[in-house]
>>> print(open('final-v1.cif').read())   # mmCIF, C-alpha atoms, pLDDT in the B column; chains and numbers go by the auth columns
data_query
#
loop_
_atom_site.group_PDB
_atom_site.id
_atom_site.type_symbol
_atom_site.label_atom_id
_atom_site.label_comp_id
_atom_site.label_asym_id
_atom_site.label_seq_id
_atom_site.Cartn_x
_atom_site.Cartn_y
_atom_site.Cartn_z
_atom_site.B_iso_or_equiv
_atom_site.auth_seq_id
_atom_site.auth_asym_id
ATOM 1 C CA LYS A 1 44.229 123.499 135.015 41.00 1 B
ATOM 2 C CA LYS A 2 42.169 121.883 137.767 41.00 2 B
ATOM 3 C CA PRO A 3 39.911 124.052 139.933 41.00 3 B
ATOM 4 C CA SER A 4 41.205 124.697 143.438 42.00 4 B
ATOM 5 C CA PRO A 5 40.016 122.199 146.066 40.00 5 B
ATOM 6 C CA HIS A 6 38.268 124.943 148.044 45.00 6 B
ATOM 7 C CA GLY A 7 36.512 126.340 145.008 46.00 7 B
ATOM 8 C CA SER A 8 35.554 122.873 143.812 48.00 8 B
ATOM 9 C CA LYS A 9 34.154 121.932 147.198 53.00 9 B
ATOM 10 C CA LYS A 10 32.016 125.058 147.245 52.00 10 B
ATOM 11 C CA LEU A 11 30.744 124.407 143.714 53.00 11 B
ATOM 12 C CA VAL A 12 29.903 120.828 144.574 53.00 12 B
ATOM 13 C CA MET A 13 27.989 121.959 147.654 57.00 13 B
ATOM 14 C CA LEU A 14 26.090 124.558 145.638 54.00 14 B
ATOM 15 C CA ALA A 15 25.290 122.119 142.874 55.00 15 B
ATOM 16 C CA ARG A 16 24.125 119.544 145.375 53.00 16 B
ATOM 17 C CA ALA A 17 21.964 122.193 147.016 53.00 17 B
ATOM 18 C CA PHE A 18 20.231 122.605 143.674 50.00 18 B
ATOM 19 C CA PHE A 19 19.857 118.884 142.959 49.00 19 B
ATOM 20 C CA ASP A 20 18.843 118.068 146.514 50.00 20 B
ATOM 21 C CA GLY A 21 16.406 120.965 146.427 47.00 21 B
ATOM 22 C CA LEU A 22 14.730 119.347 143.442 44.00 22 B
ATOM 23 C CA GLN A 23 14.470 116.105 145.380 46.00 23 B
ATOM 24 C CA GLY A 24 12.475 117.520 148.266 44.00 24 B
ATOM 25 C CA LEU A 25 11.535 121.141 147.800 43.00 25 B
ATOM 26 C CA THR A 26 8.847 122.547 150.088 37.00 26 B
ATOM 27 C CA LYS A 27 6.979 125.818 149.731 39.00 27 B
ATOM 28 C CA ARG A 28 9.351 127.448 152.204 33.00 28 B
ATOM 29 C CA GLN A 29 12.516 126.364 150.462 42.00 29 B
ATOM 30 C CA ILE A 30 14.095 128.508 147.753 50.00 30 B
ATOM 31 C CA LEU A 31 16.621 127.234 145.246 56.00 31 B
ATOM 32 C CA PRO A 32 19.869 129.207 145.336 61.00 32 B
ATOM 33 C CA ASN A 33 20.163 131.881 142.656 65.00 33 B
ATOM 34 C CA LEU A 34 23.347 130.616 141.027 76.00 34 B
ATOM 35 C CA PRO A 35 24.639 131.114 137.458 83.00 35 B
ATOM 36 C CA TYR A 36 22.879 128.025 136.107 85.00 36 B
ATOM 37 C CA GLY A 37 22.804 129.584 132.648 87.00 37 B
ATOM 38 C CA GLN A 38 26.592 129.803 132.424 90.00 38 B
ATOM 39 C CA VAL A 39 28.552 126.906 130.978 92.00 39 B
ATOM 40 C CA SER A 40 31.597 127.801 133.088 92.00 40 B
ATOM 41 C CA PHE A 41 29.618 127.113 136.271 89.00 41 B
ATOM 42 C CA TRP A 42 28.660 123.621 135.113 90.00 42 B
ATOM 43 C CA ASN A 43 32.086 122.779 133.700 93.00 43 B
ATOM 44 C CA LYS A 44 33.656 123.563 137.061 92.00 44 B
ATOM 45 C CA THR A 45 30.941 121.661 138.905 88.00 45 B
ATOM 46 C CA TYR A 46 31.258 118.521 136.771 90.00 46 B
ATOM 47 C CA SER A 47 35.048 118.739 136.963 90.00 47 B
ATOM 48 C CA ALA A 48 34.740 118.635 140.730 88.00 48 B
ATOM 49 C CA THR A 49 32.403 115.627 140.939 77.00 49 B
ATOM 50 C CA SER A 50 31.251 112.775 138.751 71.00 50 B
ATOM 51 C CA ASP A 51 28.333 111.809 141.000 75.00 51 B
ATOM 52 C CA ASN A 52 25.102 111.188 139.119 79.00 52 B
ATOM 53 C CA TYR A 53 22.156 113.402 139.989 75.00 53 B
ATOM 54 C CA GLU A 54 18.614 112.810 138.862 74.00 54 B
ATOM 55 C CA TRP A 55 17.391 116.392 139.087 67.00 55 B
ATOM 56 C CA GLY A 56 14.301 115.854 141.170 68.00 56 B
ATOM 57 C CA LEU A 57 12.847 112.635 139.759 76.00 57 B
ATOM 58 C CA SER A 58 14.169 109.095 139.578 76.00 58 B
ATOM 59 C CA TRP A 59 13.464 106.695 136.729 80.00 59 B
ATOM 60 C CA LYS A 60 10.960 104.954 139.015 77.00 60 B
ATOM 61 C CA ASP A 61 9.090 108.240 139.444 75.00 61 B
ATOM 62 C CA ILE A 62 8.968 108.765 135.692 79.00 62 B
ATOM 63 C CA SER A 63 8.314 105.246 134.426 72.00 63 B
ATOM 64 C CA SER A 64 5.368 104.720 136.777 64.00 64 B
ATOM 65 C CA PHE A 65 3.380 107.929 137.003 60.00 65 B
ATOM 66 C CA SER A 66 1.674 108.633 140.293 51.00 66 B
ATOM 67 C CA PHE A 67 -1.156 111.044 139.554 48.00 67 B
ATOM 68 C CA VAL A 68 -2.185 113.524 142.231 48.00 68 B
ATOM 69 C CA PRO A 69 -5.654 115.048 141.702 47.00 69 B
ATOM 70 C CA PRO A 70 -5.710 118.852 141.189 44.00 70 B
ATOM 71 C CA THR A 71 -6.940 121.022 144.027 43.00 71 B
ATOM 72 C CA GLN A 72 -6.413 124.656 143.001 42.00 72 B
ATOM 73 C CA SER A 73 -8.909 126.475 140.783 37.00 73 B
ATOM 74 C CA TYR A 74 -6.172 127.733 138.409 37.00 74 B
ATOM 75 C CA TRP A 75 -4.963 124.195 137.964 40.00 75 B
ATOM 76 C CA LEU A 76 -8.504 122.983 137.276 38.00 76 B
ATOM 77 C CA SER A 77 -9.049 125.648 134.629 40.00 77 B
ATOM 78 C CA HIS A 78 -5.997 124.468 132.642 44.00 78 B
ATOM 79 C CA PHE A 79 -5.951 120.729 133.324 44.00 79 B
ATOM 80 C CA THR A 80 -6.948 118.551 130.356 46.00 80 B
ATOM 81 C CA GLY A 81 -6.822 115.184 132.099 47.00 81 B
ATOM 82 C CA LYS A 82 -5.421 113.430 129.031 53.00 82 B
ATOM 83 C CA LEU A 83 -2.206 112.364 130.744 56.00 83 B
ATOM 84 C CA GLN A 84 -3.854 110.714 133.699 56.00 84 B
ATOM 85 C CA ASN A 85 -3.871 107.180 132.324 56.00 85 B
ATOM 86 C CA LYS A 86 -0.877 107.374 129.992 67.00 86 B
ATOM 87 C CA GLU A 87 2.404 105.545 130.345 76.00 87 B
ATOM 88 C CA TRP A 88 5.833 107.033 129.625 83.00 88 B
ATOM 89 C CA LYS A 89 5.946 105.449 126.150 84.00 89 B
ATOM 90 C CA GLU A 90 2.672 107.112 125.208 83.00 90 B
ATOM 91 C CA VAL A 91 4.039 110.479 126.333 86.00 91 B
ATOM 92 C CA VAL A 92 7.471 110.516 124.674 89.00 92 B
ATOM 93 C CA GLY A 93 6.816 108.284 121.668 89.00 93 B
ATOM 94 C CA PRO A 94 7.537 104.741 120.439 90.00 94 B
ATOM 95 C CA HIS A 95 10.876 102.998 120.897 92.00 95 B
ATOM 96 C CA VAL A 96 12.052 103.847 117.375 94.00 96 B
ATOM 97 C CA ALA A 97 11.215 107.563 117.573 94.00 97 B
ATOM 98 C CA PRO A 98 14.183 109.986 117.587 97.00 98 B
ATOM 99 C CA ILE A 99 14.345 111.504 121.064 97.00 99 B
ATOM 100 C CA LEU A 100 16.502 114.316 122.437 97.00 100 B
ATOM 101 C CA ILE A 101 17.271 114.629 126.149 97.00 101 B
ATOM 102 C CA ALA A 102 18.095 118.326 126.487 97.00 102 B
ATOM 103 C CA GLY A 103 20.450 119.535 129.208 95.00 103 B
ATOM 104 C CA CYS A 104 21.099 115.910 130.155 93.00 104 B
ATOM 105 C CA GLY A 105 23.791 116.608 132.757 92.00 105 B
ATOM 106 C CA ASN A 106 24.947 113.273 134.165 91.00 106 B
ATOM 107 C CA SER A 107 21.435 111.923 134.703 91.00 107 B
ATOM 108 C CA LEU A 108 20.909 108.259 133.857 90.00 108 B
ATOM 109 C CA LEU A 109 17.479 108.845 132.327 91.00 109 B
ATOM 110 C CA GLY A 110 18.703 107.936 128.842 93.00 110 B
ATOM 111 C CA HIS A 111 20.414 104.801 130.149 93.00 111 B
ATOM 112 C CA HIS A 112 17.162 103.616 131.740 91.00 112 B
ATOM 113 C CA MET A 113 15.213 104.356 128.577 91.00 113 B
ATOM 114 C CA CYS A 114 17.717 102.348 126.521 92.00 114 B
ATOM 115 C CA ALA A 115 17.295 99.451 128.905 91.00 115 B
ATOM 116 C CA GLU A 116 13.539 99.672 128.386 89.00 116 B
ATOM 117 C CA GLY A 117 13.852 99.468 124.610 91.00 117 B
ATOM 118 C CA TRP A 118 14.278 102.978 123.195 92.00 118 B
ATOM 119 C CA LYS A 119 16.745 102.832 120.314 92.00 119 B
ATOM 120 C CA ASN A 120 17.208 106.367 118.976 95.00 120 B
ATOM 121 C CA ILE A 121 18.241 108.656 121.837 97.00 121 B
ATOM 122 C CA THR A 122 20.482 111.710 121.679 98.00 122 B
ATOM 123 C CA ALA A 123 21.569 113.340 124.948 97.00 123 B
ATOM 124 C CA CYS A 124 22.979 116.857 124.828 98.00 124 B
ATOM 125 C CA ASP A 125 24.412 119.366 127.246 97.00 125 B
ATOM 126 C CA PHE A 126 26.331 122.611 126.764 97.00 126 B
ATOM 127 C CA SER A 127 28.963 121.382 129.217 96.00 127 B
ATOM 128 C CA ASP A 128 31.682 119.645 127.222 97.00 128 B
ATOM 129 C CA VAL A 129 33.083 118.360 130.519 96.00 129 B
ATOM 130 C CA VAL A 130 30.022 116.281 131.383 96.00 130 B
ATOM 131 C CA ILE A 131 29.593 115.019 127.810 97.00 131 B
ATOM 132 C CA LYS A 132 33.211 113.803 127.781 96.00 132 B
ATOM 133 C CA GLN A 133 32.577 112.082 131.122 95.00 133 B
ATOM 134 C CA LEU A 134 29.457 110.358 129.777 95.00 134 B
ATOM 135 C CA ILE A 135 31.265 109.156 126.656 96.00 135 B
ATOM 136 C CA GLN A 136 34.204 107.852 128.683 94.00 136 B
ATOM 137 C CA ASP A 137 31.939 106.197 131.266 93.00 137 B
ATOM 138 C CA ASN A 138 30.101 104.406 128.471 93.00 138 B
ATOM 139 C CA LYS A 139 33.386 103.195 126.991 94.00 139 B
ATOM 140 C CA ASP A 140 34.497 101.899 130.383 93.00 140 B
ATOM 141 C CA SER A 141 31.177 100.270 131.247 90.00 141 B
ATOM 142 C CA GLU A 142 30.597 96.551 130.740 89.00 142 B
ATOM 143 C CA ILE A 143 27.057 97.368 129.633 87.00 143 B
ATOM 144 C CA LYS A 144 27.111 99.877 126.754 90.00 144 B
ATOM 145 C CA VAL A 145 24.220 102.195 125.971 93.00 145 B
ATOM 146 C CA ASP A 146 23.376 103.204 122.416 93.00 146 B
ATOM 147 C CA ILE A 147 23.077 106.938 123.089 96.00 147 B
ATOM 148 C CA LYS A 148 24.588 109.765 121.065 97.00 148 B
ATOM 149 C CA PHE A 149 26.208 112.132 123.569 98.00 149 B
ATOM 150 C CA VAL A 150 26.524 115.583 121.999 98.00 150 B
ATOM 151 C CA VAL A 151 27.800 118.965 123.169 98.00 151 B
ATOM 152 C CA ALA A 152 24.996 121.341 122.261 97.00 152 B
ATOM 153 C CA ASP A 153 23.466 124.527 123.676 97.00 153 B
ATOM 154 C CA MET A 154 19.669 124.538 123.407 96.00 154 B
ATOM 155 C CA THR A 155 19.655 128.291 122.787 95.00 155 B
ATOM 156 C CA HIS A 156 21.138 127.424 119.360 95.00 156 B
ATOM 157 C CA PRO A 157 21.159 123.599 119.247 94.00 157 B
ATOM 158 C CA GLY A 158 22.780 123.083 115.869 94.00 158 B
ATOM 159 C CA PHE A 159 20.607 120.081 115.015 97.00 159 B
ATOM 160 C CA PRO A 160 18.740 120.114 111.683 96.00 160 B
ATOM 161 C CA LEU A 161 15.138 121.321 111.730 95.00 161 B
ATOM 162 C CA TYR A 162 12.525 118.700 112.661 95.00 162 B
ATOM 163 C CA SER A 163 15.141 116.231 113.949 96.00 163 B
ATOM 164 C CA PHE A 164 13.264 114.832 116.939 97.00 164 B
ATOM 165 C CA TYR A 165 9.850 113.481 117.744 96.00 165 B
ATOM 166 C CA SER A 166 10.217 114.471 121.386 96.00 166 B
ATOM 167 C CA VAL A 167 12.509 116.670 123.462 97.00 167 B
ATOM 168 C CA ILE A 168 12.756 115.634 127.116 95.00 168 B
ATOM 169 C CA ASP A 169 13.902 118.114 129.751 94.00 169 B
ATOM 170 C CA LYS A 170 14.367 117.055 133.375 89.00 170 B
ATOM 171 C CA GLY A 171 16.129 120.058 134.886 86.00 171 B
ATOM 172 C CA LEU A 172 17.197 122.528 132.171 92.00 172 B
ATOM 173 C CA TYR A 173 14.101 124.731 132.182 91.00 173 B
ATOM 174 C CA ASP A 174 13.718 124.491 135.951 87.00 174 B
ATOM 175 C CA SER A 175 17.283 125.574 136.619 86.00 175 B
ATOM 176 C CA LEU A 176 16.942 128.589 134.329 89.00 176 B
ATOM 177 C CA ILE A 177 13.712 129.881 135.880 86.00 177 B
ATOM 178 C CA CYS A 178 15.526 130.209 139.216 80.00 178 B
ATOM 179 C CA SER A 179 16.811 133.600 138.108 77.00 179 B
ATOM 180 C CA PRO A 180 15.075 136.487 136.279 77.00 180 B
ATOM 181 C CA GLU A 181 18.437 137.121 134.603 80.00 181 B
ATOM 182 C CA ASN A 182 17.762 134.079 132.428 83.00 182 B
ATOM 183 C CA HIS A 183 14.603 135.506 130.846 87.00 183 B
ATOM 184 C CA GLU A 184 16.141 135.893 127.384 91.00 184 B
ATOM 185 C CA THR A 185 17.910 132.542 127.667 92.00 185 B
ATOM 186 C CA LEU A 186 14.586 130.840 128.406 92.00 186 B
ATOM 187 C CA LYS A 187 13.060 132.363 125.280 93.00 187 B
ATOM 188 C CA LYS A 188 15.971 131.099 123.188 95.00 188 B
ATOM 189 C CA VAL A 189 15.705 127.619 124.720 95.00 189 B
ATOM 190 C CA LYS A 190 12.004 127.483 123.833 94.00 190 B
ATOM 191 C CA ASP A 191 12.853 128.614 120.285 95.00 191 B
ATOM 192 C CA GLY A 192 15.555 125.938 120.070 96.00 192 B
ATOM 193 C CA VAL A 193 13.211 123.203 121.242 97.00 193 B
ATOM 194 C CA TYR A 194 10.517 124.256 118.792 96.00 194 B
ATOM 195 C CA LYS A 195 12.896 124.254 115.828 96.00 195 B
ATOM 196 C CA VAL A 196 14.237 120.745 116.362 97.00 196 B
ATOM 197 C CA LEU A 197 10.816 119.186 116.973 97.00 197 B
ATOM 198 C CA MET A 198 8.997 117.428 114.153 96.00 198 B
ATOM 199 C CA PRO A 199 5.466 118.636 113.350 95.00 199 B
ATOM 200 C CA GLY A 200 3.285 116.894 115.906 94.00 200 B
ATOM 201 C CA GLY A 201 6.305 116.338 118.138 95.00 201 B
ATOM 202 C CA LYS A 202 6.332 116.846 121.900 94.00 202 B
ATOM 203 C CA TRP A 203 8.295 118.980 124.323 95.00 203 B
ATOM 204 C CA VAL A 204 8.202 116.989 127.562 93.00 204 B
ATOM 205 C CA PHE A 205 9.549 118.676 130.659 91.00 205 B
ATOM 206 C CA PHE A 206 9.346 118.430 134.420 90.00 206 B
ATOM 207 C CA SER A 207 9.169 121.328 136.843 89.00 207 B
ATOM 208 C CA LEU A 208 8.710 121.929 140.551 85.00 208 B
ATOM 209 C CA SER A 209 6.572 124.928 139.643 86.00 209 B
ATOM 210 C CA GLY A 210 2.852 124.667 139.041 87.00 210 B
ATOM 211 C CA PRO A 211 0.777 125.901 136.093 88.00 211 B
ATOM 212 C CA ALA A 212 0.278 129.380 137.543 87.00 212 B
ATOM 213 C CA LYS A 213 3.988 130.056 137.096 86.00 213 B
ATOM 214 C CA ILE A 214 4.832 127.890 134.085 90.00 214 B
ATOM 215 C CA LEU A 215 1.897 128.223 131.683 89.00 215 B
ATOM 216 C CA PRO A 216 2.139 132.003 131.093 89.00 216 B
ATOM 217 C CA GLY A 217 5.716 131.464 129.896 89.00 217 B
ATOM 218 C CA ILE A 218 5.020 128.597 127.502 90.00 218 B
ATOM 219 C CA GLU A 219 1.484 129.112 126.198 88.00 219 B
ATOM 220 C CA ASP A 220 1.643 129.946 122.494 89.00 220 B
ATOM 221 C CA ASN A 221 -1.331 129.165 120.249 85.00 221 B
ATOM 222 C CA LEU A 222 0.779 129.671 117.146 88.00 222 B
ATOM 223 C CA ARG A 223 3.231 126.954 118.144 92.00 223 B
ATOM 224 C CA TRP A 224 1.466 124.407 120.316 94.00 224 B
ATOM 225 C CA LYS A 225 -1.565 122.362 119.408 91.00 225 B
ATOM 226 C CA ASN A 226 -2.173 121.745 123.081 89.00 226 B
ATOM 227 C CA ILE A 227 -0.395 121.733 126.438 90.00 227 B
ATOM 228 C CA GLU A 228 -1.072 118.922 128.871 87.00 228 B
ATOM 229 C CA VAL A 229 -0.210 119.063 132.552 87.00 229 B
ATOM 230 C CA MET A 230 0.148 116.313 135.094 84.00 230 B
ATOM 231 C CA LYS A 231 0.695 116.670 138.830 81.00 231 B
ATOM 232 C CA LEU A 232 3.125 114.067 140.112 80.00 232 B
ATOM 233 C CA LYS A 233 4.072 113.446 143.727 77.00 233 B
ATOM 234 C CA LYS A 234 7.352 115.356 143.435 77.00 234 B
ATOM 235 C CA ALA A 235 6.841 117.666 140.463 84.00 235 B
ATOM 236 C CA TYR A 236 4.698 118.658 137.508 87.00 236 B
ATOM 237 C CA LEU A 237 4.910 117.174 134.029 89.00 237 B
ATOM 238 C CA TYR A 238 4.237 119.445 131.043 91.00 238 B
ATOM 239 C CA VAL A 239 3.755 118.118 127.510 91.00 239 B
ATOM 240 C CA CYS A 240 3.552 120.656 124.680 93.00 240 B
ATOM 241 C CA THR A 241 2.509 119.173 121.324 93.00 241 B
ATOM 242 C CA LYS A 242 3.752 121.060 118.275 95.00 242 B
ATOM 243 C CA LYS A 243 1.213 122.043 115.638 92.00 243 B
ATOM 244 C CA GLU A 244 1.417 120.035 112.467 83.00 244 B
ATOM 245 C CA GLU A 245 0.499 120.466 108.835 68.00 245 B
ATOM 246 C CA LYS A 246 1.085 116.779 108.225 57.00 246 B
ATOM 247 C CA ALA A 247 1.544 114.213 110.961 52.00 247 B
ATOM 248 C CA SER A 248 4.852 112.389 111.193 56.00 248 B
ATOM 249 C CA LYS A 249 4.741 108.590 111.097 59.00 249 B
ATOM 250 C CA PHE A 250 5.469 108.500 114.827 56.00 250 B
ATOM 251 C CA THR A 251 2.243 110.364 115.708 53.00 251 B
ATOM 252 C CA LYS A 252 0.232 107.603 114.056 49.00 252 B
ATOM 253 C CA GLU A 253 1.647 104.684 116.044 44.00 253 B
#
>>> encode(input="final-v1.cif", output="structure tokens")
Amino acid sequence: KKPSPHGSKKLVMLARAFFDGLQGLTKRQILPNLPYGQVSFWNKTYSATSDNYEWGLSWKDISSFSFVPPTQSYWLSHFTGKLQNKEWKEVVGPHVAPILIAGCGNSLLGHHMCAEGWKNITACDFSDVVIKQLIQDNKDSEIKVDIKFVVADMTHPGFPLYSFYSVIDKGLYDSLICSPENHETLKKVKDGVYKVLMPGGKWVFFSLSGPAKILPGIEDNLRWKNIEVMKLKKAYLYVCTKKEEKASKFTKE
């Protein structure tokens, strides 16, 4: 059964408000508190539109970092500076490393990475609607991408332990922190990410929120060897490196 035109139109407008908000959020703008943690919301939204949204950052923004020097004292106290001169490949791992794009939506991030040489990408989302769309779009496209599109919920991903060298998130965490109701869901997502990462692997995610809001929720000396932060023009980049007893082969390249 298709959603009603009126309901679909409203969902599309609300979803676009979220995506557009990520594109140009100012301090005075507030993202709408919608049920981003509910699969039914996203299934209805993706059923109503197949437009691609890049959730705040384009591939150009990501592939060519534009570093903005820190200005706030809290930021200075946590900033390591290690990411300043790194390229995307150095952050997420070599082209052969197994990479998971979590909460992929219909972003084309994985497609761009494939075009740049990455060969072992899995893209997952808990919306079966958008995953079916991505699979069908790839079948219909003249240029195929070698990406495994999988229906998976990061609160209980279902992937074997230590499956991925890096987990990339360009919207999942940010959408969930919009509402305090998602507090427990956020904890489960962090648990899910940690479980599927290899020792020495990296959780790479983007957020509109700065360290003062994000770091208290992710700092964990028992799990992370270190957390690096980078201020981009449109967002912040956080890279959490998992502690390791023995480095994987990908951490040595």
>>> resolve_selection(input="final-v1.cif", expression="the PyMOL selection byres ((chain B and resi 92) around 8)", output="count of residues only")
12
>>> resolve_selection(input="final-v1.cif", expression="the PyMOL selection byres ((chain B and resi 205) around 12)", output="ChimeraX atom specification")
/B:55-57,62,91-92,100-104,166-175,190,193,202-204,206-209,214,218,227-230,235-241
>>> residues_near_point(input="final-v1.cif", point="(4.3, 124.7, 113.7)", cutoff="9 Å", atoms="only C-alpha atoms", output="PyMOL selection string")
chain B and resi 194-195+198-200+222-225+242-245
>>> residues_around(input="final-v1.cif", residues="B:Asp128", least_positions_apart="2", cutoff="6 Å", atoms="only C-alpha atoms", output="JSON, numbers by chain")
{"B": [130, 131, 151]}
>>> resolve_selection(input="final-v1.cif", expression="the PyMOL selection byres ((chain B and resi 134) around 12)", output="PyMOL selection string")
chain B and resi 46+50-52+104-108+110-111+123-125+127-133+135-141+144-151
>>> atom_distance(input="final-v1.cif", atom1="atom CA of B:Cys114", atom2="atom CA of B:Lys231")
25.4 Å
>>> axis_aligned_box(input="final-v1.cif", around="stretch 118-122 of chain B", padding_each_side="3 Å", output="AutoDock Vina command-line options")
--center_x 17.4 --center_y 107.3 --center_z 121.1 --size_x 12.2 --size_y 14.9 --size_z 10.2
>>> residues_around(input="final-v1.cif", residues="stretch 33-42 of chain B", least_positions_apart="5", cutoff="7 Å", atoms="all atoms listed in the file", output="list in words")
Phe126, Ser127, Ser175, Leu176, Cys178, Ser179 and Asn182 of chain B
>>> closest_residue(input="final-v1.cif", among="B:Trp59, B:Phe164, B:Ala152, B:Asn43", to="B:Val96", atoms="all atoms listed in the file")
B:Phe164
>>> atom_distance(input="final-v1.cif", atom1="atom CA of B:Phe159", atom2="atom CA of B:Ile121")
13.5 Å
>>> atom_distance(input="final-v1.cif", atom1="atom CA of B:Trp118", atom2="atom CA of B:Ala97")
7.9 Å
>>> decode(input="final-v1.cif", residues="stretch 38-49 of chain B", atoms="C-alpha atoms", output="PDB file, in the first residue's frame")
ATOM      1  CA  GLN B  38      12.145   4.777  13.682  1.00  0.00           C
ATOM      2  CA  VAL B  39      12.455   2.666  10.555  1.00  0.00           C
ATOM      3  CA  SER B  40       8.825   3.357   9.625  1.00  0.00           C
ATOM      4  CA  PHE B  41       9.601   7.071   9.270  1.00  0.00           C
ATOM      5  CA  TRP B  42      12.438   6.409   6.827  1.00  0.00           C
ATOM      6  CA  ASN B  43      10.586   3.728   4.871  1.00  0.00           C
ATOM      7  CA  LYS B  44       7.746   6.161   4.244  1.00  0.00           C
ATOM      8  CA  THR B  45      10.169   8.952   3.392  1.00  0.00           C
ATOM      9  CA  TYR B  46      12.164   6.880   0.894  1.00  0.00           C
ATOM     10  CA  SER B  47       8.942   5.517  -0.592  1.00  0.00           C
ATOM     11  CA  ALA B  48       7.888   9.084  -1.266  1.00  0.00           C
ATOM     12  CA  THR B  49      11.116  10.231  -2.944  1.00  0.00           C
TER      13      THR B  49
END
